[in-house]
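Content type mmCIF, C-alpha atoms and all ligand atoms, from the file target36.cif:
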data_target
#
loop_
_atom_site.label_atom_id
_atom_site.label_comp_id
_atom_site.auth_asym_id
_atom_site.auth_seq_id
_atom_site.Cartn_x
_atom_site.Cartn_y
_atom_site.Cartn_z
CA MET A 495 0.00 0.00 0.00
CA ARG A 496 1.66 3.20 -1.08
CA ARG A 497 0.20 6.64 -1.54
CA HIS A 498 1.75 8.70 -4.29
CA GLY A 499 1.53 12.39 -4.89
CA ALA A 500 -0.03 13.41 -1.60
CA PRO A 501 0.70 17.04 -0.86
CA ALA A 502 3.31 17.20 1.89
CA GLU A 503 1.41 19.77 3.87
CA ALA A 504 -1.98 18.06 3.59
CA VAL A 505 -3.05 17.26 7.12
CA ALA A 506 -6.38 16.56 8.68
CA PRO A 507 -7.72 19.11 11.17
CA GLY A 508 -5.98 18.71 14.50
CA CYS A 509 -3.12 16.68 13.01
CA LEU A 510 0.52 17.69 12.81
CA PRO A 511 2.23 18.28 9.47
CA ARG A 512 4.55 15.58 8.13
CA PRO A 513 8.18 16.31 8.91
CA ALA A 514 9.91 17.08 5.63
CA ALA A 515 13.34 16.11 6.91
CA TRP A 516 12.93 12.33 6.66
CA ARG A 517 11.73 12.68 3.06
CA GLU A 518 14.94 14.39 1.98
CA ASP A 519 18.09 13.25 0.28
CA PRO A 520 20.40 12.36 3.16
CA TYR A 521 17.92 9.78 4.47
CA ALA A 522 16.69 8.57 1.06
CA ASP A 523 20.29 8.19 -0.15
CA ALA A 524 21.26 6.19 2.93
CA LEU A 525 18.30 3.87 2.50
CA ASP A 526 19.03 3.45 -1.22
CA SER A 527 22.60 2.39 -0.51
CA GLY A 528 21.72 0.54 2.68
CA GLN A 529 24.48 2.29 4.59
CA GLY A 530 25.55 5.43 6.36
CA PRO A 531 27.17 7.48 7.51
CA LEU A 532 24.07 9.28 8.71
CA PHE A 533 23.79 11.36 11.84
CA LEU A 534 21.33 13.45 13.77
CA ARG A 535 23.10 16.80 14.08
CA ARG A 536 22.15 19.08 16.94
CA SER A 537 22.27 22.82 16.44
CA ASP A 538 25.44 22.94 18.60
CA GLY A 539 27.14 20.57 16.13
CA TRP A 540 27.05 17.43 18.29
CA LEU A 541 26.29 14.27 16.36
CA LEU A 542 24.38 11.10 17.07
CA PRO A 543 25.16 8.29 14.62
CA LEU A 544 22.17 6.48 13.11
CA ASP A 545 22.50 2.74 12.55
CA VAL A 546 21.37 2.62 8.92
CA GLU A 547 23.23 -0.65 8.25
CA ARG A 548 21.37 -2.41 11.05
CA TRP A 549 18.04 -0.93 9.95
CA CYS A 550 18.66 -2.30 6.44
CA ALA A 551 19.80 -5.74 7.62
CA ALA A 552 17.74 -8.76 8.65
CA PRO A 553 16.25 -8.65 12.16
CA ASP A 554 18.89 -9.36 14.80
CA ALA A 555 18.46 -11.01 18.19
CA ALA A 556 17.15 -7.82 19.78
CA ASP A 557 14.62 -7.38 16.97
CA GLN A 558 13.58 -11.01 17.37
CA SER A 559 12.76 -10.30 21.02
CA VAL A 560 10.37 -7.61 19.78
CA LEU A 561 8.86 -9.78 17.05
CA ALA A 562 8.22 -12.55 19.58
CA ARG A 563 6.13 -10.15 21.68
CA CYS A 564 3.95 -8.86 18.82
CA ARG A 565 0.33 -9.88 19.13
CA GLY A 566 -2.60 -9.53 16.74
CA ALA A 567 -2.50 -6.75 14.17
CA VAL A 568 0.79 -4.86 14.33
CA LEU A 569 1.40 -1.23 13.38
CA ASP A 570 5.12 -0.51 12.90
CA ILE A 571 5.35 3.26 13.34
CA GLY A 572 8.28 4.82 11.52
CA CYS A 573 9.02 1.45 9.91
CA GLY A 574 12.03 2.78 8.01
CA PRO A 575 13.36 0.27 5.47
CA GLY A 576 10.98 -2.28 6.92
CA ARG A 577 12.87 -5.23 8.37
CA LEU A 578 10.24 -5.72 11.10
CA ALA A 579 7.15 -5.21 8.94
CA ALA A 580 8.60 -7.61 6.36
CA ALA A 581 9.54 -10.22 8.97
CA LEU A 582 6.01 -10.11 10.37
CA ALA A 583 4.52 -10.45 6.88
CA ALA A 584 6.79 -13.43 6.21
CA ARG A 585 5.36 -15.06 9.34
CA GLY A 586 1.85 -14.53 8.02
CA ARG A 587 1.07 -11.83 10.58
CA ARG A 588 -1.16 -8.81 9.95
CA ALA A 589 1.31 -5.96 9.94
CA LEU A 590 1.44 -2.48 8.44
CA GLY A 591 4.47 -0.22 8.40
CA ILE A 592 3.88 3.52 8.24
CA ASP A 593 6.55 6.07 7.44
CA VAL A 594 6.75 9.59 6.10
CA SER A 595 9.68 8.64 3.87
CA PRO A 596 8.73 7.34 0.39
CA ALA A 597 12.16 5.69 0.18
CA ALA A 598 11.46 3.79 3.42
CA VAL A 599 8.03 2.70 2.22
CA ALA A 600 9.44 1.56 -1.14
CA ARG A 601 12.16 -0.47 0.58
CA THR A 602 9.66 -2.06 2.96
CA GLU A 603 7.52 -3.10 0.03
CA ARG A 604 10.54 -4.54 -1.81
CA LEU A 605 11.19 -6.71 1.25
CA GLY A 606 7.62 -8.01 1.12
CA GLY A 607 6.13 -5.86 3.87
CA LEU A 608 2.95 -3.82 3.65
CA ALA A 609 3.61 -0.11 4.10
CA LEU A 610 1.87 3.22 3.83
CA CYS A 611 3.45 6.64 3.36
CA ARG A 612 1.69 8.39 6.22
CA SER A 613 2.54 10.24 9.43
CA VAL A 614 1.40 8.65 12.67
CA PHE A 615 -0.35 11.96 13.38
CA GLU A 616 -2.51 11.65 10.25
CA PRO A 617 -5.63 9.48 10.07
CA LEU A 618 -4.65 5.83 9.78
CA PRO A 619 -6.41 2.68 8.61
CA GLY A 620 -7.79 0.60 11.47
CA GLU A 621 -7.75 3.50 13.96
CA GLY A 622 -8.67 2.18 17.39
CA ARG A 623 -8.12 -1.46 16.43
CA TRP A 624 -4.36 -2.11 16.32
CA ASP A 625 -3.26 -4.72 18.88
CA THR A 626 0.46 -3.92 18.93
CA ALA A 627 2.16 -0.63 18.11
CA LEU A 628 5.93 -0.61 17.58
CA LEU A 629 8.21 2.35 18.28
CA ILE A 630 11.59 0.77 17.55
CA ASP A 631 15.04 2.29 16.90
CA GLY A 632 14.34 5.43 18.89
CA ASN A 633 10.93 6.11 17.34
CA ILE A 634 9.50 7.20 20.69
CA GLY A 635 11.30 10.38 19.54
CA ILE A 636 8.98 10.95 16.55
CA GLY A 637 7.56 14.45 16.63
CA GLY A 638 9.81 15.47 19.54
CA ASP A 639 6.96 15.09 22.02
CA PRO A 640 6.61 11.59 23.54
CA THR A 641 3.53 12.63 25.49
CA ALA A 642 1.76 13.67 22.28
CA LEU A 643 2.89 10.49 20.54
CA LEU A 644 1.77 8.14 23.33
CA GLY A 645 -1.48 10.09 23.59
CA ARG A 646 -2.00 9.62 19.86
CA LEU A 647 -1.40 5.87 20.24
CA GLY A 648 -4.23 5.82 22.76
CA SER A 649 -6.63 6.44 19.90
CA VAL A 650 -4.79 4.43 17.23
CA THR A 651 -4.75 1.19 19.24
CA GLY A 652 -7.45 -1.04 20.67
CA PRO A 653 -8.39 -1.29 24.35
CA ALA A 654 -6.14 -4.30 25.08
CA ALA A 655 -3.25 -3.10 22.94
CA ARG A 656 0.43 -3.06 23.77
CA VAL A 657 3.03 -0.52 22.70
CA ILE A 658 6.57 -1.83 22.39
CA ALA A 659 9.04 1.03 22.56
CA GLU A 660 12.81 1.07 22.41
CA CYS A 661 14.56 3.36 24.89
CA VAL A 662 18.00 4.89 24.90
CA PRO A 663 20.26 2.76 27.16
CA VAL A 664 21.10 5.79 29.31
CA ASP A 665 19.06 7.91 31.72
CA VAL A 666 17.98 10.72 29.43
CA ASP A 667 14.82 12.73 28.71
CA GLU A 668 15.54 15.27 26.04
CA CYS A 669 13.97 16.96 23.10
CA CYS A 670 15.98 19.02 20.70
CA GLU A 671 16.08 20.41 17.21
CA VAL A 672 18.17 18.25 14.88
CA ARG A 673 18.93 17.80 11.21
CA LEU A 674 19.91 14.71 9.26
CA ASP A 675 23.56 14.94 8.24
CA ASN A 676 25.41 12.55 5.93
CA GLY A 677 28.81 13.63 7.22
CA SER A 678 29.82 15.07 3.84
CA GLY A 679 27.91 18.30 3.76
CA ALA A 680 24.32 17.25 2.97
CA LEU A 681 21.97 18.48 5.66
CA GLY A 682 18.22 17.96 5.92
CA GLU A 683 15.64 20.39 7.25
CA PRO A 684 15.51 20.93 11.01
CA PHE A 685 12.98 18.93 13.02
CA THR A 686 12.39 18.10 16.65
CA TRP A 687 13.33 14.70 18.01
CA ALA A 688 13.14 13.26 21.53
CA ARG A 689 15.29 10.65 23.27
CA LEU A 690 14.08 8.78 26.33
CA GLY A 691 15.73 6.39 28.73
CA ALA A 692 13.59 3.81 30.51
CA ARG A 693 12.95 6.01 33.54
CA ALA A 694 11.63 8.87 31.40
CA LEU A 695 9.48 6.47 29.40
CA HIS A 696 7.78 5.35 32.62
CA GLU A 697 6.87 8.95 33.36
CA HIS A 698 5.63 9.80 29.86
CA ALA A 699 3.60 6.58 29.89
CA ARG A 700 2.10 7.40 33.27
CA VAL A 701 0.73 10.76 32.19
CA THR A 702 -0.73 9.44 28.94
CA GLY A 703 -2.73 6.54 30.39
CA TRP A 704 -0.13 3.83 29.76
CA HIS A 705 2.12 1.91 32.14
CA VAL A 706 5.21 -0.21 31.67
CA THR A 707 4.38 -3.91 32.01
CA GLU A 708 7.73 -5.35 30.96
CA GLU A 709 11.28 -4.16 30.38
CA TRP A 710 14.07 -6.14 28.77
CA SER A 711 17.42 -5.68 27.19
CA VAL A 712 19.15 -7.60 24.38
CA ALA A 713 22.62 -6.84 23.05
CA GLY A 714 22.68 -3.45 24.73
CA ARG A 715 19.31 -2.36 23.36
CA VAL A 716 16.56 -1.58 25.87
CA PHE A 717 12.85 -2.16 25.30
CA ALA A 718 9.65 -1.64 27.24
CA GLU A 719 6.14 -2.93 26.73
CA LEU A 720 3.32 -0.57 27.68
CA SER A 721 -0.30 -1.42 28.39
CA ARG A 722 -3.17 0.85 29.20
CA ARG A 723 -3.23 1.88 32.83
CA PRO A 724 -6.50 1.19 34.63
CA GLN A 725 -8.32 4.51 35.03
CA THR A 726 -8.25 6.11 38.49
CA PRO A 727 -9.81 9.40 39.59
CA SER A 728 -6.34 11.01 39.67
CA SER A 729 -5.45 9.92 36.10
CA GLY A 730 -4.48 12.64 33.67
CA ALA A 731 -1.73 14.34 35.62
CA ARG A 732 0.48 16.93 33.97
CA GLY A 733 3.18 15.73 31.56
CA PRO A 734 6.79 15.38 32.60
CA GLY A 735 7.71 18.34 30.47
CA CYS A 736 10.29 16.89 28.14
CA CYS A 737 9.77 19.52 25.53
CA PRO A 738 10.16 22.39 25.71
CA ASP A 739 12.23 22.72 28.86
CA PRO A 740 13.56 26.26 28.78
CA GLY A 741 15.67 25.74 31.86
CA ARG A 742 17.72 22.94 30.36
CA ALA A 743 19.92 22.86 27.32
CA PRO A 744 19.24 20.01 24.88
CA GLY A 745 21.30 16.99 25.75
CA SER A 746 22.18 18.23 29.21
CA GLY A 747 20.42 15.28 30.89
CA PRO A 748 22.52 12.81 32.81
CA GLY A 749 22.83 10.40 29.88
CA SER A 750 24.10 12.88 27.39
CA ALA A 751 26.70 14.23 29.77
CA VAL A 752 28.44 10.85 29.80
CA PHE A 753 30.73 10.12 26.85
CA PRO A 754 31.36 7.71 25.33
CA VAL A 755 28.33 5.51 25.96
CA PRO A 756 26.02 3.81 23.47
CA GLY A 757 23.37 6.21 22.28
CA ALA A 758 25.25 9.33 23.41
CA TRP A 759 25.96 12.45 21.41
CA SER A 760 29.54 13.17 20.41
CA PRO A 761 31.11 16.38 19.23
CA GLY A 762 30.89 16.69 15.46
CA PRO A 763 33.30 18.46 13.14
CA ARG A 764 32.70 22.09 12.30
CA ARG A 765 30.78 22.41 9.04
CA GLY A 766 33.08 22.16 6.07
CA GLU A 767 35.69 20.13 7.93
CA GLY A 768 36.24 16.39 7.92
CA CYS A 769 34.23 13.84 9.84
CA GLY A 770 36.70 13.16 12.64
CA PRO A 771 36.01 14.06 16.24
CA GLU A 772 37.02 17.52 17.32
CA PRO A 773 37.46 17.67 21.08
CA GLY A 774 35.87 20.68 22.67
CA SER A 775 33.81 21.72 19.66
CA GLY A 776 30.47 21.53 21.37
CA GLY A 777 28.26 20.30 24.16
C1 LIG B 1 15.08 6.44 13.70
S1 LIG B 1 14.34 5.99 12.17
C2 LIG B 1 13.76 4.36 12.55
C3 LIG B 1 14.01 3.35 11.51
C4 LIG B 1 13.17 2.10 11.51
N1 LIG B 1 12.51 1.74 12.74
C5 LIG B 1 13.89 0.93 10.92
O1 LIG B 1 13.62 -0.20 11.22
O2 LIG B 1 14.74 1.14 10.08
C6 LIG B 1 12.84 6.96 12.26
C7 LIG B 1 11.83 6.65 11.18
O3 LIG B 1 10.62 7.31 11.52
C8 LIG B 1 10.08 7.93 10.37
N2 LIG B 1 9.22 9.05 10.80
C9 LIG B 1 9.59 10.27 11.23
N3 LIG B 1 8.50 11.00 11.58
C10 LIG B 1 7.42 10.21 11.37
C11 LIG B 1 6.01 10.38 11.54
N4 LIG B 1 5.51 11.53 12.01
N5 LIG B 1 5.20 9.34 11.24
C12 LIG B 1 5.70 8.17 10.76
N6 LIG B 1 7.02 7.95 10.58
C13 LIG B 1 7.87 8.95 10.87
C14 LIG B 1 11.31 8.35 9.57
O4 LIG B 1 11.03 8.55 8.21
C15 LIG B 1 12.23 7.17 9.82
O5 LIG B 1 12.10 6.16 8.86
#
Show the structure stored in the file as structure tokens.
Ligand SMILES: C[S@@+](CC[C@H](N)C(=O)[O-])C[C@H]1O[C@@H](n2cnc3c(N)ncnc32)[C@H](O)[C@@H]1O
Amino acid sequence: MRRHGAPAEAVAPGCLPRPAAWREDPYADALDSGQGPLFLRRSDGWLLPLDVERWCAAPDAADQSVLARCRGAVLDIGCGPGRLAAALAARGRRALGIDVSPAAVARTERLGGLALCRSVFEPLPGEGRWDTALLIDGNIGIGGDPTALLGRLGSVTGPAARVIAECVPVDVDECCEVRLDNGSGALGEPFTWARLGARALHEHARVTGWHVTEEWSVAGRVFAELSRRPQTPSSGARGPGCCPDPGRAPGSGPGSAVFPVPGAWSPGPRRGEGCGPEPGSGG
């Protein structure tokens, strides 16, 4: 399933526009070649490498731990090149990948997965009926507002649904403006992206009517399964305030202050220079 020619800015009332950045060349080129380098670049120049090679490979042991927990109809949100949607289809499961990147949707389809070029914030097929929603490879960061995203999943999924989300393996709760960067001068449009460790995910889940029912880790990757929290009179507390947090610089959470650790930012080169690390250039 692929929608061609939809105007980029066409959004239903109350929905957010599709981020242009993931539809641009640095990401499309990386998916076409199946490899990076590709980074998220913060406005202060710090870089977070994106694991394009792993995204374009077959599901690994950590992915298998996610696939084993999928139940019923599965919505893979931000499916990227589609290794999970395709693996589910190959197992005869009902699975749909959605992604704002036409290149990602095309690659998912080539692998045999079903995919739709659509933002999670736009109307989706099967609204209110999905049994499992996946937010893998950092996709809890989509839109830069995990509370809005988890709230949206409350209406996308069915009453007994599970959300499986991948967290950053450090204690971080940040939202910042980033651009996709191929390390050789091609930069995408700025967009907001969030990164959550497990502790922050608990809190964002709590205020959006979800709770963490299981946490596990495979090969250094950290996952959590969320279920709907039984309603109580005090439900609906204020959000944890990931974004915006005017009193805190992006990436100044405990996780991002530690370097090097998996999933941490590192100082990037100044624009126009090589790709090597440049101590003291940022952060
Ligand atoms: C960090 S990558 C994850 C890659 C993917 N999970 C995989 O297996 O390769 C984020 C993905 O989310 C997609 N994305 C970004 N914003 C989105 C949105 N609002 N709705 C749906 N997908 C989105 C991007 O195009 C990109 O493919």
Residues of chain A within 6 Å of ligand LIG 1 (chain B): nearest atom pair and distance (Å, one decimal) for each, counting only C-alpha atoms and all ligand atoms, sorted by chain and number, as a Markdown table?
| residue | atom | partner | partner_atom | distance |
| --- | --- | --- | --- | --- |
| A:Arg512 | CA | B:LIG1 | N4 | 5.7 |
| A:Pro513 | CA | B:LIG1 | N3 | 6.0 |
| A:Trp516 | CA | B:LIG1 | O4 | 4.5 |
| A:Trp549 | CA | B:LIG1 | O2 | 3.9 |
| A:Ile571 | CA | B:LIG1 | C12 | 5.6 |
| A:Gly572 | CA | B:LIG1 | O3 | 3.4 |
| A:Cys573 | CA | B:LIG1 | C4 | 4.5 |
| A:Gly574 | CA | B:LIG1 | O5 | 3.5 |
| A:Pro575 | CA | B:LIG1 | O2 | 4.9 |
| A:Gly576 | CA | B:LIG1 | O1 | 5.5 |
| A:Arg577 | CA | B:LIG1 | O1 | 5.8 |
| A:Ile592 | CA | B:LIG1 | C12 | 5.6 |
| A:Asp593 | CA | B:LIG1 | N6 | 3.7 |
| A:Val594 | CA | B:LIG1 | N6 | 4.8 |
| A:Ser595 | CA | B:LIG1 | O4 | 4.5 |
| A:Ala598 | CA | B:LIG1 | O5 | 6.0 |
| A:Ser613 | CA | B:LIG1 | N5 | 3.3 |
| A:Val614 | CA | B:LIG1 | N5 | 4.1 |
| A:Ile630 | CA | B:LIG1 | N1 | 5.0 |
| A:Asp631 | CA | B:LIG1 | N1 | 4.9 |
| A:Gly632 | CA | B:LIG1 | C1 | 5.3 |
| A:Asn633 | CA | B:LIG1 | C6 | 5.5 |
| A:Ile636 | CA | B:LIG1 | N3 | 5.0 |
| A:Gly637 | CA | B:LIG1 | N4 | 5.8 |
Exercise. In Å, rounded to a single decimal, give me how far atom CA of Ala692 of chain A is from atom CA of Pro724 of chain A.
Key: 20.7 Å
Self-check item: For Arg689 of chain A, the nearest of the candidates A:Leu644, A:Ala583, A:Leu569, A:Cys670, counting all atoms listed in the file
Solution: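 Counting all atoms listed in the file, the residue closest to Arg689 of chain A is A:Cys670.
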Self-check item: A:Leu695, A:Ala659, A:Leu690, A:Ala609 ranked by distance to Phe717 of chain A, top pick (using only C-alpha atoms)
Solution: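 Of the candidates, the smallest distance to Phe717 of chain A is held by A:Ala659.
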Exercise. State, in Å with one decimal place, the distance from atom CA of Gly586 of chain A to atom CA of Ser721 of chain A.
Key: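 Answer for the atom CA of Gly586 of chain A to atom CA of Ser721 of chain A separation: 24.3 Å.
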Quiz item: Can you tell me, as an NGL selection string, which residues sit within 9 Å of (-1.3, -3.1, 28.2) in the file's frame, using only C-alpha atoms?
Solution: :A and (653-657 or 704-707 or 719-723)
Quiz item: Which distance in Å separates atom CA of Ala580 of chain A and atom CA of Ala562 of chain A, to one decimal?
Solution: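 Distance between the two atoms: 14.1 Å.
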Self-check item: Long-range neighbours of Trp759 of chain A as a ChimeraX atom specification, 6 Å cut-off, all atoms listed in the file, 3 positions minimum in chain
Solution: /A:540-542
Would you mind exporting the chosen residues as a CSV table (one decimal), in the coordinates of the input, restricted to C-alpha atoms?
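Result file follows (part.csv):
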chain,number,residue,atom,x,y,z
A,540,TRP,CA,27.0,17.4,18.3
A,541,LEU,CA,26.3,14.3,16.4
A,542,LEU,CA,24.4,11.1,17.1
Quiz item: Quick one: of A:Gly703, A:Gly645, A:Gly762, A:Gly566, who's nearest to Phe615 of chain A, counting all atoms listed in the file?
Solution: A:Gly645
Self-check item: Selected residue, from A:Tyr521, A:Ala688, A:Ala581, A:Gln725, that lies nearest to Asp554 of chain A when counting only C-alpha atoms
Solution: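 Using only C-alpha atoms, the shortest distance to Asp554 of chain A belongs to A:Ala581.
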Quiz item: Excluding same-chain residues fewer than 3 positions from Gly530 of chain A, what lies within 10 Å of it counting only C-alpha atoms, as a PyMOL selection string?
Solution: chain A and resi 520-521+523-525+527+533+543-547+675-677
Quiz item: So which one's closest to Ala694 of chain A, A:Leu674, A:Gly635, A:Val650, A:Arg585? Using only C-alpha atoms, please.
Solution: A:Gly635
Quiz item: Within 10 Å of (19.2, 3.0, 26.1), all atoms listed in the file: residues as a PyMOL selection string?
Solution: chain A and resi 632+660-666+689-692+711+714-717+749+755-758
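Distances to Glu709 of chain A were evaluated for A:Gly682, A:Gln529, A:His696, A:Arg646 using all atoms listed in the file, and the minimum falls at A:His696.
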